[in-house]
Amino acid sequence: MANFLQKLLDTVGGKLATAATQAVKKAAGTKTYTFPALPQTVEEMKALPEAALTDCYAVAALTVVSLLRYETDPDACFAMLGFLKGPEPLSNLEKQNIQDRLAGKTYKPRSFFAGATPQNNYTPTAPYTIHVASNSYSFDNEGWATLWLKSGGGDNERPVKLRKKPSTGQWFLNEIQYLSDIRLPVAEDKWA
């Protein structure tokens, strides 16, 4: 009887472990977005297929694309981010945070594109490619997503939070959490 119960427990435990592993694999993944050219205005962004905002991964990628505009046109950057924020406007506090994080470090958004590294001064390769990842915890809360972006100048992936509007099925930017410091580009690193 003891052997039978142990075999039953081993079988059930094994099936549960397999199911748990499969659930984690389903929840975790990476999507890649490629842009032949980067939008310069909010109108150009709205013309992109990703701007339907029905895919949270695409919204995360568009957030990086928006921040890239800060270097040459902060107003265009804020207009794009405002579009991605949806029903909640981009606050003055959020604008100030972006200004503070990118002051003298406008290379940070470029670092999230494929091919951009400190060695090439964060110059991405064209076409412009962004990888957006999720993990087993990304969708823990209904209507919310925490997705992850890899910087060519950082050791760990960095998060961005999004929120879904149930009435439209669209995802909107909630919080940019990936603008912390990264390695300096070679051109700015006095120790390189």
# chains A, B, ... in the order shown; residues from 1 in each chain; ligands from 1
call {"tool": "residues_around", "arguments": {"residues": "Val65 of chain A", "least_positions_apart": "3", "cutoff": "10 Å", "atoms": "only C-alpha atoms", "output": "list in words"}}
result
Phe35, Leu38, Pro39, Gln40, Met45, Val59, Ala60, Ala61, Leu62, Leu68, Arg69, Tyr70, Cys77, Met80, Leu81, Pro109, Arg110, Phe112, Phe113, Tyr128 and Ile130 of chain A
call {"tool": "select_by_dssp", "arguments": {"residues": "chain A", "states": "helix (DSSP H, G or I)", "output": "ChimeraX atom specification"}}
result
/A:2-27,42-46,49-52,56-71,74-85,92-102,109-112,118-120,186-188
call {"tool": "select_by_dssp", "arguments": {"residues": "segment 1-190 of chain A", "states": "strand (DSSP E)", "output": "MDAnalysis selection string"}}
result
chainID A and resid 29:35 128:134 144:149 158:165 170:176
call {"tool": "write_last_selection", "arguments": {"atoms": "C-alpha atoms", "output": "PDB file, in the first residue's frame"}}
result
ATOM      1  CA  GLY A  29       8.339  35.181 -23.883  1.00  0.00           C
ATOM      2  CA  THR A  30       9.942  37.772 -26.097  1.00  0.00           C
ATOM      3  CA  LYS A  31       8.540  39.751 -28.988  1.00  0.00           C
ATOM      4  CA  THR A  32      10.671  41.616 -31.461  1.00  0.00           C
ATOM      5  CA  TYR A  33       9.667  44.837 -33.220  1.00  0.00           C
ATOM      6  CA  THR A  34      11.501  46.179 -36.237  1.00  0.00           C
ATOM      7  CA  PHE A  35      11.111  49.702 -37.544  1.00  0.00           C
ATOM      8  CA  TYR A 128      15.803  49.513 -35.752  1.00  0.00           C
ATOM      9  CA  THR A 129      14.962  46.469 -33.649  1.00  0.00           C
ATOM     10  CA  ILE A 130      13.690  46.261 -30.069  1.00  0.00           C
ATOM     11  CA  HIS A 131      13.176  43.079 -28.061  1.00  0.00           C
ATOM     12  CA  VAL A 132      10.482  43.183 -25.356  1.00  0.00           C
ATOM     13  CA  ALA A 133      10.314  40.321 -22.872  1.00  0.00           C
ATOM     14  CA  SER A 134       7.907  39.029 -20.274  1.00  0.00           C
ATOM     15  CA  TRP A 144      -1.583  45.127 -15.728  1.00  0.00           C
ATOM     16  CA  ALA A 145       1.686  44.086 -17.344  1.00  0.00           C
ATOM     17  CA  THR A 146       5.308  44.540 -16.369  1.00  0.00           C
ATOM     18  CA  LEU A 147       7.504  43.954 -19.395  1.00  0.00           C
ATOM     19  CA  TRP A 148      11.265  43.979 -19.689  1.00  0.00           C
ATOM     20  CA  LEU A 149      13.765  45.651 -22.012  1.00  0.00           C
ATOM     21  CA  ARG A 158      14.705  46.918 -17.116  1.00  0.00           C
ATOM     22  CA  PRO A 159      10.927  47.141 -16.484  1.00  0.00           C
ATOM     23  CA  VAL A 160       8.119  49.170 -17.979  1.00  0.00           C
ATOM     24  CA  LYS A 161       4.578  49.008 -16.565  1.00  0.00           C
ATOM     25  CA  LEU A 162       1.452  49.042 -18.694  1.00  0.00           C
ATOM     26  CA  ARG A 163      -2.250  49.056 -17.957  1.00  0.00           C
ATOM     27  CA  LYS A 164      -5.118  47.687 -20.019  1.00  0.00           C
ATOM     28  CA  LYS A 165      -8.330  49.607 -20.571  1.00  0.00           C
ATOM     29  CA  GLN A 170      -5.971  48.760 -25.476  1.00  0.00           C
ATOM     30  CA  TRP A 171      -2.787  48.856 -23.433  1.00  0.00           C
ATOM     31  CA  PHE A 172      -1.362  52.134 -22.199  1.00  0.00           C
ATOM     32  CA  LEU A 173       1.909  53.214 -20.692  1.00  0.00           C
ATOM     33  CA  ASN A 174       1.718  53.522 -16.934  1.00  0.00           C
ATOM     34  CA  GLU A 175       5.284  53.878 -15.682  1.00  0.00           C
ATOM     35  CA  ILE A 176       8.723  54.019 -17.293  1.00  0.00           C
TER      36      ILE A 176
END
call {"tool": "residues_around", "arguments": {"residues": "Ala103 of chain A", "least_positions_apart": "2", "cutoff": "12 Å", "atoms": "only C-alpha atoms", "output": "number ranges by chain"}}
result
A: 70-71, 74, 95-101, 105-108, 179-181
call {"tool": "write_last_selection", "arguments": {"atoms": "C-alpha atoms", "output": "short mmCIF file (atom, residue, chain, number, x, y, z; two decimals), in the first residue's frame"}}
result
data_model
loop_
_atom_site.label_atom_id
_atom_site.label_comp_id
_atom_site.auth_asym_id
_atom_site.auth_seq_id
_atom_site.Cartn_x
_atom_site.Cartn_y
_atom_site.Cartn_z
CA TYR A 70 13.90 63.52 -26.61
CA GLU A 71 17.46 64.03 -27.85
CA PRO A 74 11.57 66.96 -26.37
CA LYS A 95 8.16 65.01 -17.77
CA GLN A 96 10.56 66.28 -15.12
CA ASN A 97 11.66 62.74 -14.30
CA ILE A 98 12.45 62.10 -17.98
CA GLN A 99 14.32 65.40 -18.22
CA ASP A 100 16.34 64.56 -15.11
CA ARG A 101 17.14 61.00 -16.25
CA LYS A 105 22.55 61.11 -21.17
CA THR A 106 20.28 61.05 -24.21
CA TYR A 107 22.03 57.86 -25.33
CA LYS A 108 19.97 55.83 -22.82
CA LEU A 179 15.98 55.05 -17.39
CA SER A 180 18.48 54.38 -14.64
CA ASP A 181 22.14 54.80 -15.45
#
call {"tool": "atom_distance", "arguments": {"atom1": "atom CA of Val186 of chain A", "atom2": "atom CA of Asn121 of chain A"}}
result
5.9 Å
call {"tool": "closest_residue", "arguments": {"among": "A:Glu142, A:Pro124, A:Thr63, A:Pro118", "to": "Gln177 of chain A", "atoms": "only C-alpha atoms"}}
result
A:Thr63
call {"tool": "atom_distance", "arguments": {"atom1": "atom CA of Glu157 of chain A", "atom2": "atom CA of Ser111 of chain A"}}
result
11.6 Å
call {"tool": "atom_distance", "arguments": {"atom1": "atom CA of Thr117 of chain A", "atom2": "atom CA of Lys150 of chain A"}}
result
11.1 Å
call {"tool": "residues_around", "arguments": {"residues": "Ile182 of chain A", "least_positions_apart": "3", "cutoff": "8 Å", "atoms": "only C-alpha atoms", "output": "list in words"}}
result
Lys108, Ser151, Gly153 and Gly154 of chain A
call {"tool": "write_last_selection", "arguments": {"atoms": "N, CA and C atoms", "output": "PDB file, in the first residue's frame"}}
result
ATOM      1  N   LYS A 108      20.655  56.928 -23.515  1.00  0.00           N
ATOM      2  CA  LYS A 108      19.971  55.831 -22.817  1.00  0.00           C
ATOM      3  C   LYS A 108      18.889  55.167 -23.666  1.00  0.00           C
ATOM      4  N   SER A 151      19.030  46.692 -22.135  1.00  0.00           N
ATOM      5  CA  SER A 151      19.897  47.766 -22.586  1.00  0.00           C
ATOM      6  C   SER A 151      21.262  47.185 -22.929  1.00  0.00           C
ATOM      7  N   GLY A 153      23.858  48.604 -22.452  1.00  0.00           N
ATOM      8  CA  GLY A 153      24.788  49.133 -21.471  1.00  0.00           C
ATOM      9  C   GLY A 153      24.473  48.737 -20.054  1.00  0.00           C
ATOM     10  N   GLY A 154      23.527  47.820 -19.881  1.00  0.00           N
ATOM     11  CA  GLY A 154      23.161  47.377 -18.542  1.00  0.00           C
ATOM     12  C   GLY A 154      23.311  45.876 -18.415  1.00  0.00           C
TER      13      GLY A 154
END
